file model14.csv (CSV, C-alpha atoms and all ligand atoms)
chain,number,residue,atom,x,y,z
A,9,MET,CA,-104.7,3.2,28.8
A,10,PRO,CA,-108.4,2.7,29.6
A,11,ARG,CA,-109.4,-0.8,30.5
A,12,CYS,CA,-112.8,-2.1,29.8
A,13,ARG,CA,-114.3,-5.1,31.6
A,14,SER,CA,-117.7,-6.4,30.7
A,15,PHE,CA,-120.2,-8.6,32.5
A,16,THR,CA,-122.6,-9.9,30.0
A,17,ASP,CA,-126.3,-10.2,30.9
A,18,ARG,CA,-126.6,-13.3,33.1
A,19,SER,CA,-130.3,-13.5,32.6
A,20,SER,CA,-129.7,-14.1,28.9
A,21,GLY,CA,-127.3,-16.9,29.7
A,22,SER,CA,-124.3,-15.2,28.0
A,23,SER,CA,-120.7,-15.8,29.1
A,24,THR,CA,-118.7,-13.4,31.2
A,25,SER,CA,-115.3,-12.0,30.4
A,26,GLY,CA,-113.1,-10.2,32.9
A,27,GLY,CA,-109.6,-9.0,33.8
A,28,PRO,CA,-107.6,-6.1,32.4
A,29,ALA,CA,-107.7,-5.8,28.7
A,30,PRO,CA,-105.9,-2.7,27.5
A,31,GLN,CA,-107.2,-0.9,24.4
A,32,THR,CA,-110.2,-3.2,24.0
A,33,ARG,CA,-113.9,-2.5,23.6
A,34,ASN,CA,-116.5,-5.1,24.5
A,35,GLU,CA,-119.6,-5.7,22.5
A,36,ILE,CA,-122.9,-5.6,24.3
A,37,PRO,CA,-125.5,-8.0,23.1
A,38,ALA,CA,-128.4,-5.9,21.7
A,39,SER,CA,-130.9,-7.7,23.9
A,40,SER,CA,-129.0,-7.0,27.2
A,41,PRO,CA,-130.3,-4.3,29.4
A,42,SER,CA,-127.2,-2.2,30.0
A,43,PHE,CA,-126.0,-0.1,33.0
A,44,ALA,CA,-123.0,2.1,32.6
A,45,CYS,CA,-120.8,3.2,35.6
A,46,ASN,CA,-118.6,5.9,34.2
A,47,PRO,CA,-115.7,7.2,36.3
A,48,ALA,CA,-114.9,9.7,33.6
A,49,ALA,CA,-118.1,11.5,34.5
A,50,GLY,CA,-116.4,12.4,37.8
A,51,SER,CA,-118.5,14.6,40.1
A,52,SER,CA,-121.3,15.0,37.5
A,53,SER,CA,-122.2,11.3,37.9
A,54,LEU,CA,-124.6,10.0,40.5
A,55,CYS,CA,-121.9,8.2,42.5
A,56,SER,CA,-118.1,8.4,42.5
A,57,PRO,CA,-116.3,5.2,41.5
A,58,GLY,CA,-115.6,4.4,45.1
A,59,GLN,CA,-119.3,4.5,45.9
A,60,TRP,CA,-120.5,2.4,43.0
A,61,GLU,CA,-117.8,-0.2,43.3
A,62,PRO,CA,-119.6,-2.2,46.0
A,63,LEU,CA,-122.8,-2.2,43.9
A,64,ILE,CA,-121.1,-3.9,40.9
A,65,PRO,CA,-121.6,-7.5,42.0
A,66,ALA,CA,-125.4,-6.9,42.5
A,67,LEU,CA,-125.7,-5.0,39.2
A,68,SER,CA,-123.8,-7.7,37.4
A,69,THR,CA,-126.4,-10.4,38.4
A,70,ARG,CA,-129.1,-8.5,36.4
A,71,TYR,CA,-127.5,-6.2,33.9
A,72,CYS,CA,-124.8,-6.2,31.3
A,73,THR,CA,-122.4,-4.1,33.4
A,74,ILE,CA,-119.5,-2.3,31.8
A,75,ILE,CA,-116.7,-0.9,34.0
A,76,LEU,CA,-114.4,1.6,32.5
A,77,GLY,CA,-111.1,2.0,34.3
A,78,GLY,CA,-107.4,2.7,33.8
A,79,ALA,CA,-105.0,5.5,34.3
A,80,LEU,CA,-106.9,8.0,32.1
A,81,PHE,CA,-110.1,8.1,34.2
A,82,SER,CA,-111.4,9.9,37.2
A,83,SER,CA,-109.3,10.4,40.3
A,84,VAL,CA,-106.8,7.8,39.0
A,85,ALA,CA,-105.9,10.2,36.1
A,86,SER,CA,-105.5,13.1,38.5
A,87,LEU,CA,-103.3,11.1,41.0
A,88,GLU,CA,-101.2,9.7,38.2
A,89,GLU,CA,-100.7,13.1,36.6
A,90,ARG,CA,-99.6,14.4,40.0
A,91,GLY,CA,-97.3,11.4,40.2
A,92,ARG,CA,-95.5,12.7,37.0
A,93,SER,CA,-95.3,16.3,38.4
A,94,GLY,CA,-93.1,18.2,40.9
A,95,TYR,CA,-95.1,16.4,43.6
A,96,MET,CA,-92.6,13.6,43.2
A,97,ASN,CA,-89.8,15.9,44.4
A,98,ILE,CA,-91.6,15.9,47.8
A,99,VAL,CA,-92.1,12.2,47.7
A,100,ARG,CA,-88.4,11.5,46.7
A,101,SER,CA,-87.1,13.9,49.4
A,102,LEU,CA,-89.3,12.1,52.0
A,103,LEU,CA,-88.1,8.7,50.9
A,104,ASP,CA,-84.4,9.9,50.9
A,105,ALA,CA,-84.8,11.3,54.4
A,106,LEU,CA,-86.5,8.1,55.6
A,107,ALA,CA,-83.3,6.2,54.5
A,108,ILE,CA,-85.2,2.9,54.1
A,109,GLN,CA,-82.8,-0.1,54.7
A,110,PRO,CA,-83.0,-3.4,52.9
A,111,GLY,CA,-85.4,-5.7,54.8
A,112,GLU,CA,-87.4,-2.9,56.5
A,113,SER,CA,-91.2,-3.0,56.1
A,114,VAL,CA,-92.9,0.1,54.8
A,115,LEU,CA,-96.6,1.0,55.1
A,116,GLU,CA,-98.3,3.7,53.1
A,117,VAL,CA,-101.7,4.7,54.5
A,118,GLY,CA,-104.0,5.9,51.7
A,119,CYS,CA,-102.0,4.6,48.8
A,120,GLY,CA,-104.6,5.7,46.2
A,121,SER,CA,-103.5,4.6,42.7
A,122,GLY,CA,-100.2,3.5,44.0
A,123,VAL,CA,-97.9,6.3,42.8
A,124,ILE,CA,-95.7,6.3,46.0
A,125,MET,CA,-95.8,2.5,46.3
A,126,ARG,CA,-94.5,2.0,42.8
A,127,GLU,CA,-91.7,4.6,43.4
A,128,LEU,CA,-90.8,2.6,46.5
A,129,ALA,CA,-90.9,-0.7,44.7
A,130,ARG,CA,-88.6,0.7,42.0
A,131,ARG,CA,-86.2,1.9,44.6
A,132,THR,CA,-86.2,-1.2,46.8
A,133,ALA,CA,-86.3,-3.8,44.0
A,134,GLY,CA,-87.9,-6.5,46.2
A,135,ALA,CA,-85.7,-6.0,49.2
A,136,ASN,CA,-88.5,-4.7,51.4
A,137,HIS,CA,-92.0,-5.6,52.4
A,138,LEU,CA,-94.2,-2.8,51.0
A,139,ILE,CA,-97.7,-2.5,52.3
A,140,GLY,CA,-100.2,-0.1,50.6
A,141,ARG,CA,-103.6,0.4,52.4
A,142,ASP,CA,-106.6,2.4,51.3
A,143,VAL,CA,-110.3,2.5,52.0
A,144,ASN,CA,-111.2,2.9,48.3
A,145,THR,CA,-111.5,-0.5,46.5
A,146,TYR,CA,-111.8,1.1,43.1
A,147,LEU,CA,-108.4,2.8,43.6
A,148,LEU,CA,-106.9,-0.3,45.0
A,149,ARG,CA,-108.0,-2.3,41.9
A,150,GLU,CA,-106.5,0.4,39.7
A,151,ALA,CA,-103.3,0.5,41.8
A,152,ARG,CA,-102.9,-3.3,41.4
A,153,ALA,CA,-103.4,-3.0,37.6
A,154,LEU,CA,-100.9,-0.1,37.3
A,155,ALA,CA,-98.3,-2.0,39.5
A,156,ARG,CA,-98.8,-5.2,37.5
A,157,ARG,CA,-98.3,-3.3,34.2
A,158,ALA,CA,-95.1,-1.8,35.6
A,159,GLY,CA,-93.9,-5.3,36.6
A,160,LEU,CA,-93.9,-4.2,40.3
A,161,LEU,CA,-97.0,-6.0,41.7
A,162,ASP,CA,-95.0,-8.9,43.2
A,163,HIS,CA,-93.2,-6.4,45.5
A,164,ILE,CA,-96.3,-4.6,46.8
A,165,ASP,CA,-99.1,-5.9,49.1
A,166,PHE,CA,-102.1,-3.7,48.3
A,167,GLY,CA,-105.2,-4.1,50.6
A,168,GLU,CA,-108.3,-2.4,52.0
A,169,ALA,CA,-108.0,-0.8,55.4
A,170,SER,CA,-108.9,2.5,57.1
A,171,GLY,CA,-106.1,4.6,58.5
A,172,GLU,CA,-108.4,5.3,61.4
A,173,ALA,CA,-108.3,1.6,62.5
A,174,LEU,CA,-105.4,-0.2,60.9
A,175,PRO,CA,-105.6,-4.0,61.1
A,176,LEU,CA,-102.0,-4.3,62.1
A,177,PRO,CA,-100.5,-5.1,65.5
A,178,ASP,CA,-98.5,-2.5,67.5
A,179,GLY,CA,-95.0,-2.0,66.1
A,180,ALA,CA,-95.7,-4.0,62.9
A,181,VAL,CA,-93.7,-1.8,60.5
A,182,ASP,CA,-90.3,-0.2,60.4
A,183,VAL,CA,-91.4,2.8,58.4
A,184,ALA,CA,-94.9,4.4,57.9
A,185,LEU,CA,-95.9,7.2,55.6
A,186,SER,CA,-99.0,8.9,54.3
A,187,SER,CA,-99.4,11.7,51.8
A,188,THR,CA,-102.5,13.9,51.3
A,189,VAL,CA,-104.8,11.5,53.2
A,190,PHE,CA,-105.1,13.0,56.7
A,191,GLU,CA,-107.2,15.8,55.3
A,192,GLU,CA,-109.9,13.3,54.5
A,193,GLY,CA,-110.7,11.7,57.9
A,194,ASP,CA,-110.2,12.0,61.6
A,195,ALA,CA,-106.6,13.2,61.6
A,196,ASP,CA,-105.9,12.5,65.3
A,197,ARG,CA,-107.1,9.0,65.0
A,198,MET,CA,-105.1,8.4,61.9
A,199,LEU,CA,-102.0,9.9,63.5
A,200,ALA,CA,-102.4,7.8,66.6
A,201,GLU,CA,-102.8,4.7,64.5
A,202,ILE,CA,-99.8,5.3,62.2
A,203,VAL,CA,-97.7,5.8,65.3
A,204,ARG,CA,-99.1,2.7,67.0
A,205,VAL,CA,-98.3,0.4,64.1
A,206,THR,CA,-94.7,1.8,63.7
A,207,ARG,CA,-92.0,0.0,65.8
A,208,LEU,CA,-90.0,1.7,68.5
A,209,GLY,CA,-87.2,3.6,66.7
A,210,GLY,CA,-89.2,3.4,63.4
A,211,ARG,CA,-89.7,6.5,61.2
A,212,ILE,CA,-92.9,8.2,60.2
A,213,ALA,CA,-93.5,10.7,57.3
A,214,ILE,CA,-96.7,12.7,56.7
A,215,VAL,CA,-97.6,15.1,54.0
A,216,VAL,CA,-100.9,17.2,53.9
A,217,ARG,CA,-102.1,19.9,51.7
A,218,ALA,CA,-101.6,23.3,53.3
A,219,VAL,CA,-104.8,25.3,53.4
A,220,ASP,CA,-103.2,27.9,55.7
A,221,MET,CA,-100.7,28.9,53.0
A,222,PRO,CA,-101.6,30.7,49.7
A,223,PHE,CA,-101.1,29.0,46.4
A,224,TRP,CA,-98.5,30.8,44.3
A,225,ILE,CA,-100.2,32.1,41.2
A,226,ASN,CA,-97.4,33.2,38.8
A,227,LEU,CA,-99.2,36.1,37.2
A,228,PRO,CA,-98.5,39.8,37.7
A,229,LEU,CA,-102.0,40.4,38.9
A,230,ASP,CA,-103.1,43.8,40.2
A,231,SER,CA,-103.5,43.9,43.9
A,232,ALA,CA,-107.3,43.8,44.0
A,233,LEU,CA,-107.5,40.7,41.7
A,234,LYS,CA,-104.6,39.1,43.6
A,235,ALA,CA,-106.4,39.5,46.9
A,236,LYS,CA,-109.5,37.9,45.5
A,237,VAL,CA,-107.7,34.8,44.0
A,238,ASP,CA,-105.5,34.5,47.1
A,239,ALA,CA,-108.5,34.4,49.5
A,240,PRO,CA,-108.7,31.2,51.5
A,241,ASN,CA,-110.6,28.3,50.0
A,242,VAL,CA,-110.8,29.7,46.5
A,243,ILE,CA,-108.5,27.0,45.1
A,244,GLY,CA,-107.9,23.4,46.3
A,245,GLY,CA,-110.0,20.6,47.8
A,246,GLY,CA,-112.0,20.5,50.9
A,247,VAL,CA,-111.0,19.2,54.3
A,248,ALA,CA,-113.0,16.8,56.5
A,249,PRO,CA,-114.3,18.3,59.8
A,250,ASN,CA,-111.6,16.5,61.8
A,251,GLY,CA,-109.0,16.4,59.0
A,252,VAL,CA,-105.6,18.2,59.1
A,253,ALA,CA,-104.5,20.5,56.3
A,254,ASP,CA,-102.5,23.1,58.2
A,255,ALA,CA,-99.3,23.6,60.3
A,256,SER,CA,-101.0,22.0,63.3
A,257,LEU,CA,-99.7,18.8,61.7
A,258,TYR,CA,-96.3,19.6,63.2
A,259,ARG,CA,-97.6,20.3,66.7
A,260,ARG,CA,-99.8,17.2,66.6
A,261,LEU,CA,-96.7,15.0,65.8
A,262,ALA,CA,-94.7,16.6,68.6
A,263,GLU,CA,-97.6,16.0,71.0
A,264,LEU,CA,-97.5,12.3,70.2
A,265,GLY,CA,-94.0,12.2,71.6
A,266,LEU,CA,-92.2,11.8,68.3
A,267,THR,CA,-88.5,12.9,68.2
A,268,GLY,CA,-86.2,14.2,65.5
A,269,LEU,CA,-89.1,16.1,64.0
A,270,LYS,CA,-88.3,17.7,60.7
A,271,CYS,CA,-90.9,20.1,59.3
A,272,PHE,CA,-90.7,21.4,55.8
A,273,PRO,CA,-93.5,23.2,53.9
A,274,GLN,CA,-93.1,22.8,50.1
A,275,LEU,CA,-94.6,24.3,46.9
A,276,VAL,CA,-95.5,22.1,44.0
A,277,PRO,CA,-96.0,23.8,40.6
A,278,VAL,CA,-98.6,22.7,38.1
A,279,VAL,CA,-98.2,24.0,34.5
A,280,PRO,CA,-100.5,24.6,31.5
A,281,GLY,CA,-101.9,21.4,29.9
A,282,SER,CA,-102.3,19.7,33.3
A,283,GLU,CA,-105.7,18.7,34.7
A,284,ARG,CA,-104.9,20.4,38.0
A,285,ILE,CA,-104.2,23.9,36.5
A,286,GLU,CA,-107.5,23.6,34.5
A,287,ARG,CA,-109.3,22.7,37.7
A,288,TYR,CA,-107.7,25.5,39.7
A,289,GLN,CA,-108.6,28.0,37.0
A,290,GLN,CA,-112.2,26.9,37.0
A,291,GLN,CA,-112.3,27.4,40.8
A,292,ILE,CA,-110.7,30.8,40.4
A,293,LEU,CA,-113.1,31.9,37.6
A,294,ALA,CA,-116.1,30.8,39.8
A,295,ALA,CA,-115.0,33.4,42.3
A,296,LEU,CA,-114.6,36.3,39.8
A,297,THR,CA,-117.0,38.7,38.3
A,298,PRO,CA,-117.3,38.6,34.4
A,299,ALA,CA,-115.0,41.7,34.2
A,300,GLU,CA,-112.4,40.2,36.6
A,301,ALA,CA,-112.6,36.9,34.6
A,302,ALA,CA,-111.8,38.8,31.4
A,303,THR,CA,-108.8,40.4,33.1
A,304,TRP,CA,-107.7,37.0,34.4
A,305,HIS,CA,-107.8,35.5,30.9
A,306,ARG,CA,-105.7,38.4,29.6
A,307,TYR,CA,-103.0,37.8,32.2
A,308,VAL,CA,-103.0,34.1,31.6
A,309,ALA,CA,-102.8,34.5,27.8
A,310,ALA,CA,-99.8,36.8,28.2
A,311,ALA,CA,-98.0,34.5,30.7
A,312,GLU,CA,-98.7,31.5,28.5
A,313,ARG,CA,-97.2,33.4,25.5
A,314,ASP,CA,-93.9,33.9,27.4
A,315,GLY,CA,-94.0,30.5,29.1
A,316,THR,CA,-94.2,31.8,32.7
A,317,PHE,CA,-97.7,30.6,33.8
A,318,PHE,CA,-97.9,28.1,36.6
A,319,ILE,CA,-99.7,27.7,39.9
A,320,ALA,CA,-97.9,26.2,42.8
A,321,GLN,CA,-99.8,24.3,45.6
A,322,PRO,CA,-98.5,24.4,49.2
A,323,TYR,CA,-98.0,21.3,51.3
A,324,HIS,CA,-96.9,20.6,54.9
A,325,CYS,CA,-94.4,17.8,55.2
A,326,ALA,CA,-93.0,16.2,58.3
A,327,ILE,CA,-90.7,13.3,59.2
A,328,ALA,CA,-90.2,12.0,62.8
A,329,THR,CA,-89.0,9.0,64.8
A,330,LYS,CA,-90.9,7.0,67.3
A,331,PRO,CA,-88.7,6.9,70.3
A,332,GLY,CA,-87.3,3.5,71.1
A,401,LIG,C1,-105.3,12.4,47.5
A,401,LIG,S1,-105.3,10.6,47.5
A,401,LIG,C2,-103.6,10.3,47.8
A,401,LIG,C3,-103.1,9.0,47.3
A,401,LIG,C4,-101.6,8.8,47.4
A,401,LIG,N1,-101.2,8.9,48.8
A,401,LIG,C5,-100.8,9.7,46.6
A,401,LIG,O1,-100.0,10.5,47.1
A,401,LIG,O2,-100.9,9.6,45.3
A,401,LIG,C6,-106.0,10.3,49.1
A,401,LIG,C7,-106.2,8.8,49.3
A,401,LIG,O3,-106.6,8.6,50.7
A,401,LIG,C8,-107.5,7.6,50.8
A,401,LIG,N2,-108.2,7.7,52.1
A,401,LIG,C9,-109.1,8.6,52.5
A,401,LIG,N3,-109.5,8.3,53.8
A,401,LIG,C10,-108.8,7.2,54.1
A,401,LIG,C11,-108.8,6.5,55.3
A,401,LIG,N4,-109.5,6.8,56.4
A,401,LIG,N5,-108.0,5.4,55.4
A,401,LIG,C12,-107.2,5.0,54.3
A,401,LIG,N6,-107.2,5.7,53.1
A,401,LIG,C13,-108.0,6.8,53.1
A,401,LIG,C14,-108.4,7.9,49.6
A,401,LIG,O4,-109.2,6.7,49.2
A,401,LIG,C15,-107.4,8.2,48.5
A,401,LIG,O5,-106.9,7.1,47.8
call {"tool": "encode", "arguments": {"input": "model14.csv", "output": "structure tokens"}}
result
Amino acid sequence: MPRCRSFTDRSSGSSTSGGPAPQTRNEIPASSPSFACNPAAGSSSLCSPGQWEPLIPALSTRYCTIILGGALFSSVASLEERGRSGYMNIVRSLLDALAIQPGESVLEVGCGSGVIMRELARRTAGANHLIGRDVNTYLLREARALARRAGLLDHIDFGEASGEALPLPDGAVDVALSSTVFEEGDADRMLAEIVRVTRLGGRIAIVVRAVDMPFWINLPLDSALKAKVDAPNVIGGGVAPNGVADASLYRRLAELGLTGLKCFPQLVPVVPGSERIERYQQQILAALTPAEAATWHRYVAAAERDGTFFIAQPYHCAIATKPG
């Protein structure tokens, strides 16, 4: 549920209330100048939540500052929804293949809202040291709140760190994983770091979005329309200049000297009613002419009537061992 924290106007000498308060609304004194940072506004707002997060202490000294948060807002909602989808089949098969033993430490680089950390915490029930690291302090705060609400926070150490320069010694963890993060930064630096902090004989698992494979759009489109919607970069997110979002992931891992490399591309379907299928459709419609868009809507309506409409996103997944 959304959480609402308020910092009442310090210049008016009012008191401050804080901490997660599910399903609450805070009153703003009429005399307080107010400033709203709204993660729900997403890309239409001036800053993303991760960008305005560092500004909050300064804003709070002068303004009544209201912070909306929770699992229904912004990228948290999107990550949490993905964490209830077929994406978890990839996560669970990775975790199964990693065969994490009691007592082993596990690092997730780019833990986001904590979907994978919570799954790990449920599986390991306190028997392992779980370390979630991310650069985004907004997501880390939400990850802690979601884990606390699930009764799992005691088992997870969430903290701020970049995957490009992990503040961990060489060989610090038994198992390291990262999912849909290495697209967003310098992939070779992040790969070198995740290998460095894994102990000899430890296991590493990486998942990235696959921009070199088409999405599967489950509509019987005519060939011209299919070619248009299957064109590269019509659907999906961007990739940083040095990010990895293709099958070069497998080669890069082999070049780092990892052994027992298992490579398995996967498709994850999203279905009507999900935020992602709406987003993908908006991206597709932006690439179509009005006539093509009308045809698209007819195909979608027919497929929704018979319950066969879905769009599946491709991912590259790999597991390997650091030779000991
Ligand atoms: C798409 S989310 C994936 C979150 C999570 N792994 C999951 O599967 O739900 C990508 C995450 O990577 C984080 N990230 C991006 N660049 C990073 C970096 N250099 N170091 C650590 N985290 C990073 C983002 O802040 C975001 O939380």
call {"tool": "closest_residue", "arguments": {"input": "model14.csv", "among": "A:Asp142, A:Glu127, A:Asp162, A:Glu312", "to": "ligand LIG 401 (chain A)", "atoms": "all atoms listed in the file"}}
result
A:Asp142
call {"tool": "residues_near_ligand", "arguments": {"input": "model14.csv", "ligand": "ligand LIG 401 (chain A)", "cutoff": "8 Å", "atoms": "only C-alpha atoms and all ligand atoms", "output": "ChimeraX atom specification"}}
result
/A:58,87-88,90-91,116-124,141-144,147-148,168-172,186-194,198
call {"tool": "atom_distance", "arguments": {"input": "model14.csv", "atom1": "atom CA of Val216 of chain A", "atom2": "atom CA of Leu261 of chain A"}}
result
12.8 Å
call {"tool": "atom_distance", "arguments": {"input": "model14.csv", "atom1": "atom CA of His305 of chain A", "atom2": "atom CA of Ala253 of chain A"}}
result
29.7 Å
call {"tool": "closest_residue", "arguments": {"input": "model14.csv", "among": "A:Leu115, A:Cys271, A:Leu80, A:Leu293", "to": "Gly179 of chain A", "atoms": "all atoms listed in the file"}}
result
A:Leu115
call {"tool": "closest_atom_pairs", "arguments": {"input": "model14.csv", "of": "segment 244-288 of chain A", "to": "segment 313-324 of chain A", "cutoff": "10 Å", "atoms": "all atoms listed in the file", "output": "CSV"}}
result
residue,atom,partner,partner_atom,distance
A:Gly244,CA,A:Gln321,CA,8.2
A:Val252,CA,A:His324,CA,10.0
A:Ala253,CA,A:His324,CA,7.7
A:Asp254,CA,A:His324,CA,7.0
A:Ala255,CA,A:His324,CA,6.6
A:Ser256,CA,A:His324,CA,9.5
A:Leu257,CA,A:His324,CA,7.6
A:Tyr258,CA,A:His324,CA,8.4
A:Cys271,CA,A:His324,CA,7.5
A:Phe272,CA,A:His324,CA,6.3
A:Pro273,CA,A:His324,CA,4.4
A:Gln274,CA,A:Tyr323,CA,5.3
A:Leu275,CA,A:Pro322,CA,4.5
A:Val276,CA,A:Ala320,CA,4.9
A:Pro277,CA,A:Ala320,CA,3.8
A:Val278,CA,A:Ile319,CA,5.4
A:Val279,CA,A:Phe318,CA,4.6
A:Pro280,CA,A:Phe318,CA,6.7
A:Arg284,CA,A:Ile319,CA,9.2
A:Ile285,CA,A:Ile319,CA,6.8
A:Tyr288,CA,A:Ile319,CA,8.3
call {"tool": "residues_around", "arguments": {"input": "model14.csv", "residues": "segment 129-136 of chain A", "least_positions_apart": "5", "cutoff": "6 Å", "atoms": "all atoms listed in the file", "output": "list in words"}}
result
Pro110, Gly111, Glu112, Ser113 and His163 of chain A
call {"tool": "write_last_selection", "arguments": {"input": "model14.csv", "atoms": "C-alpha atoms", "output": "mmCIF file, in the frame of the given file"}}
result
data_model
loop_
_atom_site.group_PDB
_atom_site.id
_atom_site.type_symbol
_atom_site.label_atom_id
_atom_site.label_comp_id
_atom_site.auth_asym_id
_atom_site.auth_seq_id
_atom_site.Cartn_x
_atom_site.Cartn_y
_atom_site.Cartn_z
ATOM 1 C CA PRO A 110 -83.000 -3.400 52.900
ATOM 2 C CA GLY A 111 -85.400 -5.700 54.800
ATOM 3 C CA GLU A 112 -87.400 -2.900 56.500
ATOM 4 C CA SER A 113 -91.200 -3.000 56.100
ATOM 5 C CA HIS A 163 -93.200 -6.400 45.500
#
call {"tool": "atom_distance", "arguments": {"input": "model14.csv", "atom1": "atom CA of Ala173 of chain A", "atom2": "atom CA of Leu199 of chain A"}}
result
10.5 Å
call {"tool": "closest_residue", "arguments": {"input": "model14.csv", "among": "A:Ile202, A:Ile98, A:Ala180, A:Leu106", "to": "His137 of chain A", "atoms": "only C-alpha atoms"}}
result
A:Ala180
call {"tool": "closest_residue", "arguments": {"input": "model14.csv", "among": "A:Thr145, A:Ala299, A:Arg306, A:Met125", "to": "Leu161 of chain A", "atoms": "all atoms listed in the file"}}
result
A:Met125
call {"tool": "closest_residue", "arguments": {"input": "model14.csv", "among": "A:Leu208, A:Ala218, A:Ile243, A:Ile74", "to": "Gly332 of chain A", "atoms": "all atoms listed in the file"}}
result
A:Leu208
